[in-house]
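Let me begin by presenting the structure, written as structure tokens, before commenting on it.
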Amino acid sequence: MKLIFEKGNTNRGCDLIPECDVPVVTLSQKFHRKIELNLPELSETEISRHYTELANHTFGVNNGFYPLGSCTMKYNPKVNEELAKLPGFTDVHPLQPEHTVQGSLFVLQQAEKYLCEITGMDHMNFQPAAGAHGELTGLKLIWAYHHDRNDSKRDKIIVPDSAHGTNPASAALAGFTVINVPSTDDGLVDVEALRGVVGEDTAGFMLTNPNTVGLFEKDILEITSIIHQAGGLNYYDGANLNAIMGVARPGDMGFDVIHLNLHKTFSTPHGGGGPGSGPVGCKEILSRYLPSQGIIEEDGILGFAHKDEKSIGRVKSFYGNFLVVVKALAYIMTLGAEGLKDASCNAVLNANYMMHRLGDVFDIPFGNGPCMHEFVISLNKLKKEKAVSALDFAKALLDHDMHPPTMYFPLIVYEALMVEPTETETKETLDEAIRIYKEVYAYACKAPETMGDYPLTTPIGRPDEVKAARNPILRFDFSSK
Ligand SMILES: *Cc1c(COP(=O)(O)O)cnc(C)c1O
């Protein structure tokens, strides 16, 4: 499709800017434009059609199945958007006196209360803007805790190889050295290997649970106690709480600090770059180090607690992405304790259903037992025998009005496809996806040489991804007009 700069004609609209209602100031010559501003001039209908066409080229959960593993691309109830749009939430200023924003403070207080109950933590802080930001914040708490106790030799964070990629990155960014522990053949943390690396320099351990092959770490209590006995703290990557909310609580499993991705599990659509929210929860022993100290109530009036002198300091302006918290609270309160549990159970059921039904055709490396909310397929055999890669397979799925699964992640599975159906899909949708996966697989075996041609129906087929990443063209070249 054409860019908006390539459309329209001169003198067609563009007179929508209101009359100037402030004193006119004459700028000095050096600030004057040297070349024409070149704004596109389109009629209202043309603009409307342009953006509708763009929207039609966008694939989202409202268009079709979107089982992007590790991302929880589920349907987010529209009513929560409506609630977050209420003027009482959108028209407040972060510097307004506290007594004028009691409703917003109540939202923060309630959201903290519920998320603590769901996770088993004592405090929840809403400043971090996303998951990885929450990780960095949580790791800073661990750092502050050890330094406050004059135990600064603890500079190692242990991370299993089945962790989400952001975990080792965040640990390194927070100033720690990362120690890797391998997984066993079952795809779980190798507890003996873990014992071998803990010591007096262990600051903490970061666990992605369910891990990136979609499994619940069954030795979780033993793991957290090994770390505690060595004097370290346990970090729970709870970005994918979708498998366990309402069922099991990280706080009861020996974790001291956690982050959540409200934009995955708790009703904020994501994938376009934000806004997200990655609240950090912690046990009492870490509360003083939090970026801010939460909401307090005095004589029936809510207000912000004074920042503790030991706080690690702000990680984001004001109170984080507040409207995402509004949606999360609305979601939690609509579903209630039973509803949250049902959501998790159905997410796990849907993933197991698909995994089980695909298992007769596909190689599912850790598919012996039940998975949690997602599972991982390996197309390594197809790659070796027919030279059809996970990328080719994913591209072919695009012609079937569905988003492909996550590719090439986790790294410990070759030619990986990571499927997360989520609880918001019906059995019919899953059956149709299963049928198409098998159909594409059969086709790939029969005519492997054609698999490099797909997709055939999308606006762009196979872009040169390296070139697109290295030499992105982000501006329109007006001289070409
Ligand atoms: C998505 C995800 C993250 C990172 O979250 P962002 O909001 O993208 O920064 C971290 N850990 C896990 C397990 C995730 O799935």
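Just remember, in the structure tokens the first chain shown is A, the second B, etc., residues are 1-based per chain, and ligands are 1-based in the order shown.
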
Compute the set of protein, DNA and RNA residues whose minimum atom distance to ligand 1 is at most 9 Å, using only C-alpha atoms and all ligand atoms, and state it as a CSV table (one decimal) with C-alpha atoms, in the first residue's frame.
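Saved the output as pocket.csv:
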```
chain,number,residue,atom,x,y,z
A,69,GLY,CA,4.3,-18.6,23.3
A,70,SER,CA,5.6,-16.7,26.3
A,71,CYS,CA,3.5,-13.7,25.3
A,72,THR,CA,0.0,-14.7,26.5
A,129,ALA,CA,6.9,-0.2,33.1
A,130,ALA,CA,7.2,-3.8,31.9
A,131,GLY,CA,8.5,-7.2,32.7
A,132,ALA,CA,12.2,-6.7,32.1
A,133,HIS,CA,12.1,-3.4,34.0
A,134,GLY,CA,10.4,-5.3,36.9
A,135,GLU,CA,13.3,-7.8,36.8
A,163,ALA,CA,14.9,-19.0,31.9
A,164,HIS,CA,13.4,-16.3,29.8
A,165,GLY,CA,16.2,-14.4,28.0
A,166,THR,CA,15.5,-11.2,29.9
A,167,ASN,CA,16.6,-12.9,33.2
A,207,LEU,CA,13.5,-18.8,38.2
A,208,THR,CA,11.1,-18.5,35.3
A,209,ASN,CA,8.2,-20.7,36.3
A,210,PRO,CA,6.6,-22.3,34.4
A,211,ASN,CA,9.9,-22.4,32.6
A,212,THR,CA,10.3,-21.7,28.9
A,237,ASP,CA,9.8,-14.4,37.1
A,238,GLY,CA,6.0,-14.3,37.1
A,239,ALA,CA,5.5,-12.7,33.7
A,240,ASN,CA,3.5,-15.8,32.8
A,241,LEU,CA,1.2,-16.0,35.8
A,259,HIS,CA,7.5,-9.4,39.0
A,260,LEU,CA,4.3,-9.8,37.1
A,261,ASN,CA,3.4,-8.7,33.6
A,262,LEU,CA,0.0,-7.0,33.9
A,263,HIS,CA,0.1,-6.7,30.1
A,264,LYS,CA,0.1,-10.4,29.6
A,270,HIS,CA,0.3,-5.8,24.2
A,271,GLY,CA,2.6,-6.4,21.3
A,273,GLY,CA,5.2,-1.6,22.4
A,274,GLY,CA,3.2,-0.5,25.3
A,276,GLY,CA,2.7,-2.2,30.0
A,277,SER,CA,3.2,-2.7,33.7
A,278,GLY,CA,5.6,-5.0,35.4
```

Env of A:Met206: 7 Å cut, atoms = only C-alpha atoms, seq-sep filter 3 positions within chain, self excluded. Answer as a PDB file with all heavy atoms, in the first residue's frame.
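Done, and the output landed in selection-v4.pdb:
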```
ATOM      1  N   ILE A 158      22.198 -16.785  40.030  1.00  0.00           N
ATOM      2  CA  ILE A 158      22.137 -18.069  39.329  1.00  0.00           C
ATOM      3  C   ILE A 158      20.863 -18.104  38.468  1.00  0.00           C
ATOM      4  O   ILE A 158      19.775 -17.782  38.961  1.00  0.00           O
ATOM      5  CB  ILE A 158      22.138 -19.233  40.338  1.00  0.00           C
ATOM      6  CG1 ILE A 158      23.403 -19.141  41.210  1.00  0.00           C
ATOM      7  CG2 ILE A 158      22.054 -20.574  39.632  1.00  0.00           C
ATOM      8  CD1 ILE A 158      23.395 -20.063  42.406  1.00  0.00           C
ATOM      9  N   VAL A 159      21.037 -18.459  37.200  1.00  0.00           N
ATOM     10  CA  VAL A 159      19.909 -18.470  36.261  1.00  0.00           C
ATOM     11  C   VAL A 159      19.922 -19.787  35.468  1.00  0.00           C
ATOM     12  O   VAL A 159      20.921 -20.113  34.834  1.00  0.00           O
ATOM     13  CB  VAL A 159      20.014 -17.282  35.268  1.00  0.00           C
ATOM     14  CG1 VAL A 159      18.805 -17.251  34.341  1.00  0.00           C
ATOM     15  CG2 VAL A 159      20.141 -15.956  36.003  1.00  0.00           C
ATOM     16  N   ASN A 234      15.462 -15.597  46.566  1.00  0.00           N
ATOM     17  CA  ASN A 234      14.835 -16.230  45.401  1.00  0.00           C
ATOM     18  C   ASN A 234      13.942 -15.258  44.648  1.00  0.00           C
ATOM     19  O   ASN A 234      13.057 -14.629  45.237  1.00  0.00           O
ATOM     20  CB  ASN A 234      13.995 -17.430  45.851  1.00  0.00           C
ATOM     21  CG  ASN A 234      14.869 -18.564  46.333  1.00  0.00           C
ATOM     22  OD1 ASN A 234      15.724 -19.055  45.605  1.00  0.00           O
ATOM     23  ND2 ASN A 234      14.680 -18.961  47.589  1.00  0.00           N
ATOM     24  N   TYR A 235      14.181 -15.178  43.333  1.00  0.00           N
ATOM     25  CA  TYR A 235      13.407 -14.294  42.455  1.00  0.00           C
ATOM     26  C   TYR A 235      12.509 -15.140  41.560  1.00  0.00           C
ATOM     27  O   TYR A 235      12.979 -16.066  40.902  1.00  0.00           O
ATOM     28  CB  TYR A 235      14.357 -13.462  41.580  1.00  0.00           C
ATOM     29  CG  TYR A 235      13.638 -12.437  40.748  1.00  0.00           C
ATOM     30  CD1 TYR A 235      13.673 -11.095  41.107  1.00  0.00           C
ATOM     31  CD2 TYR A 235      12.887 -12.799  39.628  1.00  0.00           C
ATOM     32  CE1 TYR A 235      12.981 -10.147  40.370  1.00  0.00           C
ATOM     33  CE2 TYR A 235      12.186 -11.862  38.895  1.00  0.00           C
ATOM     34  CZ  TYR A 235      12.243 -10.545  39.265  1.00  0.00           C
ATOM     35  OH  TYR A 235      11.548  -9.614  38.539  1.00  0.00           O
ATOM     36  N   TYR A 236      11.230 -14.785  41.496  1.00  0.00           N
ATOM     37  CA  TYR A 236      10.290 -15.523  40.656  1.00  0.00           C
ATOM     38  C   TYR A 236       9.894 -14.658  39.473  1.00  0.00           C
ATOM     39  O   TYR A 236       9.323 -13.584  39.652  1.00  0.00           O
ATOM     40  CB  TYR A 236       9.051 -15.869  41.479  1.00  0.00           C
ATOM     41  CG  TYR A 236       8.061 -16.814  40.832  1.00  0.00           C
ATOM     42  CD1 TYR A 236       8.070 -18.174  41.141  1.00  0.00           C
ATOM     43  CD2 TYR A 236       7.099 -16.347  39.950  1.00  0.00           C
ATOM     44  CE1 TYR A 236       7.142 -19.041  40.568  1.00  0.00           C
ATOM     45  CE2 TYR A 236       6.174 -17.214  39.375  1.00  0.00           C
ATOM     46  CZ  TYR A 236       6.201 -18.555  39.691  1.00  0.00           C
ATOM     47  OH  TYR A 236       5.274 -19.415  39.129  1.00  0.00           O
ATOM     48  N   ASP A 237      10.220 -15.114  38.270  1.00  0.00           N
ATOM     49  CA  ASP A 237       9.752 -14.426  37.076  1.00  0.00           C
ATOM     50  C   ASP A 237       8.305 -14.854  36.849  1.00  0.00           C
ATOM     51  O   ASP A 237       8.034 -15.957  36.390  1.00  0.00           O
ATOM     52  CB  ASP A 237      10.628 -14.790  35.868  1.00  0.00           C
ATOM     53  CG  ASP A 237      10.162 -14.097  34.598  1.00  0.00           C
ATOM     54  OD1 ASP A 237       8.976 -13.745  34.511  1.00  0.00           O
ATOM     55  OD2 ASP A 237      10.995 -13.931  33.679  1.00  0.00           O
TER      56      ASP A 237
END
```

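By only C-alpha atoms, and with residues fewer than 6 positions from A:Met333 along its chain excluded, the set lying at most 12 Å from it is Asn80, Val107, Gln110, Ala111, Lys113, Tyr114, Leu115, Phe266, Ser267, Val326, Lys327, Gly339 and Leu340 of chain A.
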
Point-to-point distance from atom CA of A:Asp201 to atom CA of A:Gly251, Å rounded to tenths = 23.8 Å

With a distance cut-off of 6 Å and only C-alpha atoms, select the neighbouring residues of A:Glu423, excluding the residue or stretch itself and same-chain residues fewer than 5 positions from it, and output the selection as a list in words.
->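 The neighbour list is Ala343, Asn346 and Ala347 of chain A.
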
Non-local contacts of A:Asn62 (10 Å; only C-alpha atoms; under 5 positions in same chain excluded) as a PyMOL selection string = chain A and resi 74-76

Could you pull the residues within 9 Å of A:Leu3, counting only C-alpha atoms, minus those fewer than 2 positions along the same chain, as an MDAnalysis selection string?
-> chainID A and resid 1 5:7 50 476

Excluding same-chain residues fewer than 3 positions from stretch 299-305 of chain A, what lies within 10 Å of it counting only C-alpha atoms, as a PyMOL selection string?
-> chain A and resi 97-99+101-106+109+292-296+308

Any chance you could export the current selection's N, CA, C and O atoms as a short mmCIF file (atom, residue, chain, number, x, y, z; two decimals), in the first residue's frame?
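Saved file out-v8.cif follows:
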```
data_model
loop_
_atom_site.label_atom_id
_atom_site.label_comp_id
_atom_site.auth_asym_id
_atom_site.auth_seq_id
_atom_site.Cartn_x
_atom_site.Cartn_y
_atom_site.Cartn_z
N PRO A 97 -3.04 17.37 44.62
CA PRO A 97 -3.03 17.02 46.05
C PRO A 97 -3.72 15.67 46.29
O PRO A 97 -4.71 15.35 45.62
N GLU A 98 -3.20 14.94 47.24
CA GLU A 98 -3.70 13.58 47.47
C GLU A 98 -5.20 13.52 47.77
O GLU A 98 -5.89 12.61 47.33
N HIS A 99 -5.70 14.52 48.51
CA HIS A 99 -7.12 14.41 48.90
C HIS A 99 -8.05 14.55 47.70
O HIS A 99 -9.21 14.19 47.78
N VAL A 101 -7.46 12.96 44.76
CA VAL A 101 -7.34 11.76 43.92
C VAL A 101 -7.53 10.49 44.74
O VAL A 101 -6.86 9.48 44.52
N GLN A 102 -8.45 10.55 45.68
CA GLN A 102 -8.66 9.41 46.58
C GLN A 102 -9.06 8.15 45.82
O GLN A 102 -8.65 7.05 46.17
N GLY A 103 -9.84 8.31 44.75
CA GLY A 103 -10.27 7.13 43.97
C GLY A 103 -9.09 6.43 43.33
O GLY A 103 -8.98 5.20 43.36
N SER A 104 -8.17 7.21 42.76
CA SER A 104 -7.00 6.61 42.12
C SER A 104 -6.10 5.93 43.15
O SER A 104 -5.54 4.86 42.90
N LEU A 105 -5.96 6.57 44.31
CA LEU A 105 -5.15 5.95 45.36
C LEU A 105 -5.80 4.64 45.83
O LEU A 105 -5.10 3.66 46.13
N PHE A 106 -7.13 4.65 45.86
CA PHE A 106 -7.85 3.44 46.27
C PHE A 106 -7.59 2.31 45.27
O PHE A 106 -7.40 1.15 45.66
N GLN A 109 -4.21 0.94 46.01
CA GLN A 109 -4.23 0.19 47.26
C GLN A 109 -4.89 -1.18 47.07
O GLN A 109 -4.38 -2.20 47.53
N SER A 292 9.19 2.93 46.07
CA SER A 292 8.36 3.79 46.91
C SER A 292 7.61 2.89 47.87
O SER A 292 7.55 1.67 47.66
N GLN A 293 7.03 3.49 48.91
CA GLN A 293 6.53 2.65 50.00
C GLN A 293 5.01 2.52 50.07
O GLN A 293 4.44 2.25 51.12
N GLY A 294 4.34 2.68 48.97
CA GLY A 294 2.92 2.31 48.92
C GLY A 294 1.96 3.35 49.49
O GLY A 294 2.32 4.50 49.75
N ILE A 295 0.72 2.90 49.65
CA ILE A 295 -0.37 3.78 50.07
C ILE A 295 -0.66 3.55 51.54
O ILE A 295 -0.71 2.40 52.00
N ILE A 296 -0.83 4.63 52.30
CA ILE A 296 -1.22 4.48 53.71
C ILE A 296 -2.55 5.21 53.94
O ILE A 296 -2.92 6.09 53.16
N ASP A 308 11.26 5.42 52.15
CA ASP A 308 12.23 4.95 53.13
C ASP A 308 13.62 5.40 52.72
O ASP A 308 13.94 5.43 51.53
#
```

What gap, in Å, lies between atom CA of A:Pro410 and atom CA of A:Gly232?
->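 Taking atom CA of A:Pro410 as the start and atom CA of A:Gly232 as the end point, the length is 26.4 Å.
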
Using DSSP on the backbone coordinates, identify all residues within stretch 389-447 of chain A classified as strand (DSSP E or B); present the result as a PDB file with all heavy atoms, in the first residue's frame.
```pdb
ATOM      1  N   THR A 406       5.581 -18.627  18.626  1.00  0.00           N
ATOM      2  CA  THR A 406       6.922 -18.070  18.801  1.00  0.00           C
ATOM      3  C   THR A 406       7.938 -19.021  18.168  1.00  0.00           C
ATOM      4  O   THR A 406       7.827 -20.235  18.309  1.00  0.00           O
ATOM      5  CB  THR A 406       7.217 -17.897  20.305  1.00  0.00           C
ATOM      6  OG1 THR A 406       6.306 -16.922  20.802  1.00  0.00           O
ATOM      7  CG2 THR A 406       8.640 -17.456  20.576  1.00  0.00           C
ATOM      8  N   MET A 407       8.935 -18.454  17.461  1.00  0.00           N
ATOM      9  CA  MET A 407       9.930 -19.310  16.790  1.00  0.00           C
ATOM     10  C   MET A 407      11.297 -19.193  17.465  1.00  0.00           C
ATOM     11  O   MET A 407      11.630 -18.149  17.995  1.00  0.00           O
ATOM     12  CB  MET A 407      10.131 -18.861  15.338  1.00  0.00           C
ATOM     13  CG  MET A 407       8.893 -18.706  14.514  1.00  0.00           C
ATOM     14  SD  MET A 407       9.333 -18.048  12.879  1.00  0.00           S
ATOM     15  CE  MET A 407      10.030 -16.469  13.282  1.00  0.00           C
ATOM     16  N   ALA A 416      12.622 -24.524  17.274  1.00  0.00           N
ATOM     17  CA  ALA A 416      11.499 -24.522  18.220  1.00  0.00           C
ATOM     18  C   ALA A 416      10.311 -23.711  17.715  1.00  0.00           C
ATOM     19  O   ALA A 416      10.465 -22.679  17.065  1.00  0.00           O
ATOM     20  CB  ALA A 416      11.966 -23.945  19.557  1.00  0.00           C
ATOM     21  N   LEU A 417       9.137 -24.227  18.015  1.00  0.00           N
ATOM     22  CA  LEU A 417       7.895 -23.471  17.887  1.00  0.00           C
ATOM     23  C   LEU A 417       7.211 -23.560  19.250  1.00  0.00           C
ATOM     24  O   LEU A 417       6.939 -24.662  19.735  1.00  0.00           O
ATOM     25  CB  LEU A 417       6.970 -24.063  16.821  1.00  0.00           C
ATOM     26  CG  LEU A 417       7.373 -23.918  15.358  1.00  0.00           C
ATOM     27  CD1 LEU A 417       6.351 -24.631  14.478  1.00  0.00           C
ATOM     28  CD2 LEU A 417       7.484 -22.450  14.963  1.00  0.00           C
ATOM     29  N   MET A 418       6.961 -22.416  19.852  1.00  0.00           N
ATOM     30  CA  MET A 418       6.426 -22.398  21.211  1.00  0.00           C
ATOM     31  C   MET A 418       4.963 -21.939  21.164  1.00  0.00           C
ATOM     32  O   MET A 418       4.674 -20.800  20.793  1.00  0.00           O
ATOM     33  CB  MET A 418       7.283 -21.410  21.997  1.00  0.00           C
ATOM     34  CG  MET A 418       7.006 -21.325  23.448  1.00  0.00           C
ATOM     35  SD  MET A 418       7.977 -19.918  24.022  1.00  0.00           S
ATOM     36  CE  MET A 418       8.264 -20.412  25.691  1.00  0.00           C
ATOM     37  N   VAL A 419       4.072 -22.841  21.530  1.00  0.00           N
ATOM     38  CA  VAL A 419       2.638 -22.606  21.323  1.00  0.00           C
ATOM     39  C   VAL A 419       1.940 -22.305  22.648  1.00  0.00           C
ATOM     40  O   VAL A 419       2.004 -23.094  23.583  1.00  0.00           O
ATOM     41  CB  VAL A 419       1.972 -23.859  20.683  1.00  0.00           C
ATOM     42  CG1 VAL A 419       0.528 -23.561  20.305  1.00  0.00           C
ATOM     43  CG2 VAL A 419       2.766 -24.338  19.476  1.00  0.00           C
TER      44      VAL A 419
END
```

For A:Leu39, which of A:Ile4, A:Ile157, A:Ile412, A:Leu323 is the closest residue, counting only C-alpha atoms?
->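 The shortest atom-to-atom distance to A:Leu39 comes from A:Ile4.
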
When distances are computed from only C-alpha atoms, which of A:Leu379, A:Leu68, A:Ile258, A:Val197 shows the smallest separation from A:Pro182?
-> A:Val197

Which value, in Å to one decimal, gives the distance between atom CA of A:Ile436 and atom CA of A:Asn63?
-> 16.7 Å

Counting only C-alpha atoms, the option among A:Pro279, A:Ser170, A:Thr202, A:Val191 closest to A:Gly320 |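 The shortest atom-to-atom distance to A:Gly320 comes from A:Pro279.
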
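Here the question is which of A:Leu221, A:Ile460, A:Ala330, A:Ala444 gets nearest to A:Leu382 using only C-alpha atoms, and that residue is A:Ala444.
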